[in-house]
Amino acid sequence: MADQDTIIIGGGHNGLVCAILLARAGQRVTLLEACPTLGGMAAEREFHPGFKAALAQTLYAMPRSLIRDLDLASHGLEFGPEPLPLRPLSLSAPPQSINGESLAGAADGDAEAYLKYVTMLKKFAAALAPFWERTMPRVGATGLPDLLTFGKLGLKLRLLGKDDMLEFFRVATLPMRDLLDEHFSDDGLKAALCWDALVGSQLAPRSPNQAVLTLLNRMAGKDAGQHVIPKDGMPGLVRALESAAVQAGVTIRTDCSVKTVQIEGDESGQHCTGVELESGETLLSDRVVSSADPQTTFLKLIGAQHLEIEFTNRISRLRNRGYVARVNLALSALPTFQGLDSPHGRLIVAPTMDSIEFAWDAAKYEELPASPVMEVLVPSLQAPGLAPEGQHVLVANVMYVPYDLKSGWTPGSRDELLNTVLRELERYAPGIQELVLASELLTPQDLASQYRVTNGHWHHCEPAIDQLLMMRPTYEAAQYATPIPGLYLCGAGCHPAGDVSGNPGRNAAKEILA
Ligand SMILES: Cc1cc2nc3c(=O)[nH]c(=O)nc-3n(C[C@H](O)[C@H](O)[C@H](O)COP(=O)(O)OP(=O)(O)OC[C@H]3O[C@@H](n4cnc5c(N)ncnc54)[C@H](O)[C@@H]3O)c2cc1C
């Protein structure tokens, strides 16, 4: 007899969301997390005594309905009073600041253009929003529910009106550069507006493919894609999810790494029967739900011997090289950025769209960018508990840093990258280097080993057109169920993709309960 109805592998936010929903529906759920703390890439970690930083810092992609359905407010989740402004940094131009629908400090014409641009994107994002929150139809499926999903998507787009619908089809796969060139004159502004379409992916402003769709997915979150920091930082969200899981009756075990998913079968078929832990312990269950990335799940925890060759090949070929590095700084005081009264908000260090493109060019050839582009945040301004009183944490998401470096990742190349980032920051915030008490660099390889994500990819695997929607991660496993009966996926590698949205976890739970 199975010890539980469902075992969830991984206590990142998606594993937690899935566990809560299954337990609330009456299932006996055990969640197993390899690390000592819950949260995965959103987990709190102390990188210097008294200074804490999760990888994920801001919430933008989680739908309001999920926060409400999980009743996270009653589990302690609170937000600051207002979303963070997006601020392109410039050494010469007056400061600009984007807040929701308003753009302050813009060149002539750009503020009006911005209102038009963001109104258009919001309309498209609202039309697509329901599709991030549901299972995509199976390729070739002709059942009524699948046809209804396609029909609803068509209707939603048609309801935009003919002109907007045609405009949606025109811009959906445009490179961000083309889209922004159509609307704005200021290149620094365009570079900042690119950021949320590109960060975490293998795309730059000139790349066609899914950048606009990624942006629209992110804009489906609670404040139309505006970024907020929970009152206690991202760990505040993780604690609320943990509390909701415990209340729902989920058994949570941390420091508990799954070694294999147990599969039994004969000529008539196979099914999963539980998991074996690294400790040697076996837990029985007819249903296992993995929030680990698809390659970890299928190639490490299950093994090719249990999979069809074609499926194994598709999983092996998933494009999932991470290109984001993280720099965390412990600062003795608040830094002063040129032209800003306070470093409040998301500060974009990318003076032009070409600067982003050049950084990507270097990474494509496995080299470090000469001038890194980055998003900088001082989360301790919103969540003072992240640093000792009067001191601050600064985090920088640095794009594009290759997983494999041509010259190899050595102490020398790590120092080179960290020093380049610090020098670049010093240009915008003179004197900042003197405030640095400690620094931490996490390359994509560090992210892979410390967060157990293959190749350190932000989304577990690239959300490219061929790895999206009913093809995510592959068409055989795109409905959360997998080719192995009883085995499901629920992490960022599933539809709709990564970010702290909770959508993969919720969709997987709905699919299991259907
Ligand atoms: C530098 C960086 C900054 C980011 N910033 C943001 C941000 O500000 N906002 C945002 O929304 N998103 C951000 N993201 C993306 C976001 O953090 C991820 O997409 C999201 O957290 C993925 O959640 P998940 O639950 O699907 O997977 P994960 O968070 O990766 O969780 C998977 C869990 O499974 C566990 N696991 C794996 N293998 C095993 C095993 N064998 N046994 C047991 N447990 C196992 C792992 O330890 C992990 O806890 C960022 C990503 C990066 C890299």
# chains A, B, ... in the order shown; residues from 1 in each chain; ligands from 1
>>> residues_near_ligand(ligand="ligand 1", cutoff="7 Å", atoms="only C-alpha atoms and all ligand atoms", output="PyMOL selection string")
chain A and resi 9-15+32-35+38-42+55-61+200+256-259+291-292+296+301+324-326+397+447+451-453+456-460+491-493+498-501
>>> select_by_dssp(residues="range 265-513 of chain A", states="alpha helix (DSSP H)", output="PyMOL selection string")
chain A and resi 294-295+309-316+353-364+411-428+432-435+444-451+503-513
>>> closest_residue(among="A:Val327, A:Ile302, A:Leu22, A:Cys494", to="Lys510 in chain A", atoms="only C-alpha atoms")
A:Leu22
>>> atom_distance(atom1="CA of Ala438 in chain A", atom2="CA of Ser371 in chain A")
22.1 Å
>>> residues_around(residues="Leu299 in chain A", least_positions_apart="6", cutoff="12 Å", atoms="only C-alpha atoms", output="list in words")
Lys259, Thr260, Val261, Ala292, Asp293, Gln305, His306, Leu307, Glu308, Ile309, Phe311, Thr312, Asn313, Arg314, Ile315, Ser316, Arg317, Leu318 and Thr454 of chain A
>>> residues_around(residues="Asp404 in chain A", least_positions_apart="3", cutoff="8 Å", atoms="only C-alpha atoms", output="ChimeraX atom specification")
/A:366,408-409,445
>>> write_last_selection(atoms="N, CA and C atoms", output="PDB file, in the first residue's frame")
ATOM      1  N   GLU A 366      30.985  32.240 -26.516  1.00  0.00           N
ATOM      2  CA  GLU A 366      31.495  31.751 -25.221  1.00  0.00           C
ATOM      3  C   GLU A 366      32.568  32.667 -24.644  1.00  0.00           C
ATOM      4  N   GLY A 408      37.369  28.696 -20.233  1.00  0.00           N
ATOM      5  CA  GLY A 408      37.081  27.912 -19.024  1.00  0.00           C
ATOM      6  C   GLY A 408      36.794  28.832 -17.840  1.00  0.00           C
ATOM      7  N   TRP A 409      35.914  28.350 -16.944  1.00  0.00           N
ATOM      8  CA  TRP A 409      35.654  29.120 -15.723  1.00  0.00           C
ATOM      9  C   TRP A 409      36.760  28.808 -14.721  1.00  0.00           C
ATOM     10  N   GLN A 445      27.042  28.218 -14.273  1.00  0.00           N
ATOM     11  CA  GLN A 445      27.483  26.905 -13.750  1.00  0.00           C
ATOM     12  C   GLN A 445      27.242  26.808 -12.243  1.00  0.00           C
TER      13      GLN A 445
END
>>> atom_distance(atom1="CA of Leu115 in chain A", atom2="CA of His344 in chain A")
22.4 Å
>>> closest_residue(among="A:Pro372, A:Ala350, A:Asp71, A:Thr443", to="Arg423 in chain A", atoms="only C-alpha atoms")
A:Pro372
>>> residues_around(residues="Cys194 in chain A", least_positions_apart="2", cutoff="8 Å", atoms="only C-alpha atoms", output="list in words")
Met176, Arg177, Leu180, Lys190, Ala191, Ala192, Asp196, Ala197, Leu198, Pro205 and Met353 of chain A
>>> select_by_dssp(residues="range 287-393 of chain A", states="strand (DSSP E or B)", output="list in words")
Val288, Val289, Ser290, Val324, Ala325, Arg326, Val327, Asn328, Leu329, Ala330, Leu331, Arg346, Leu347, Ile348, Val349, Val373, Met374, Glu375, Val376, Leu377, His392 and Val393 of chain A
>>> closest_residue(among="A:Ala111, A:Leu72, A:Leu425, A:Ile20", to="Val246 in chain A", atoms="only C-alpha atoms")
A:Ile20
>>> residues_around(residues="range 157-174 of chain A", least_positions_apart="6", cutoff="8 Å", atoms="only C-alpha atoms", output="list in words")
Lys123, Phe124, Ala127, Leu128, Pro208, Asn209, Gln210, Ala211, Val212 and Leu213 of chain A
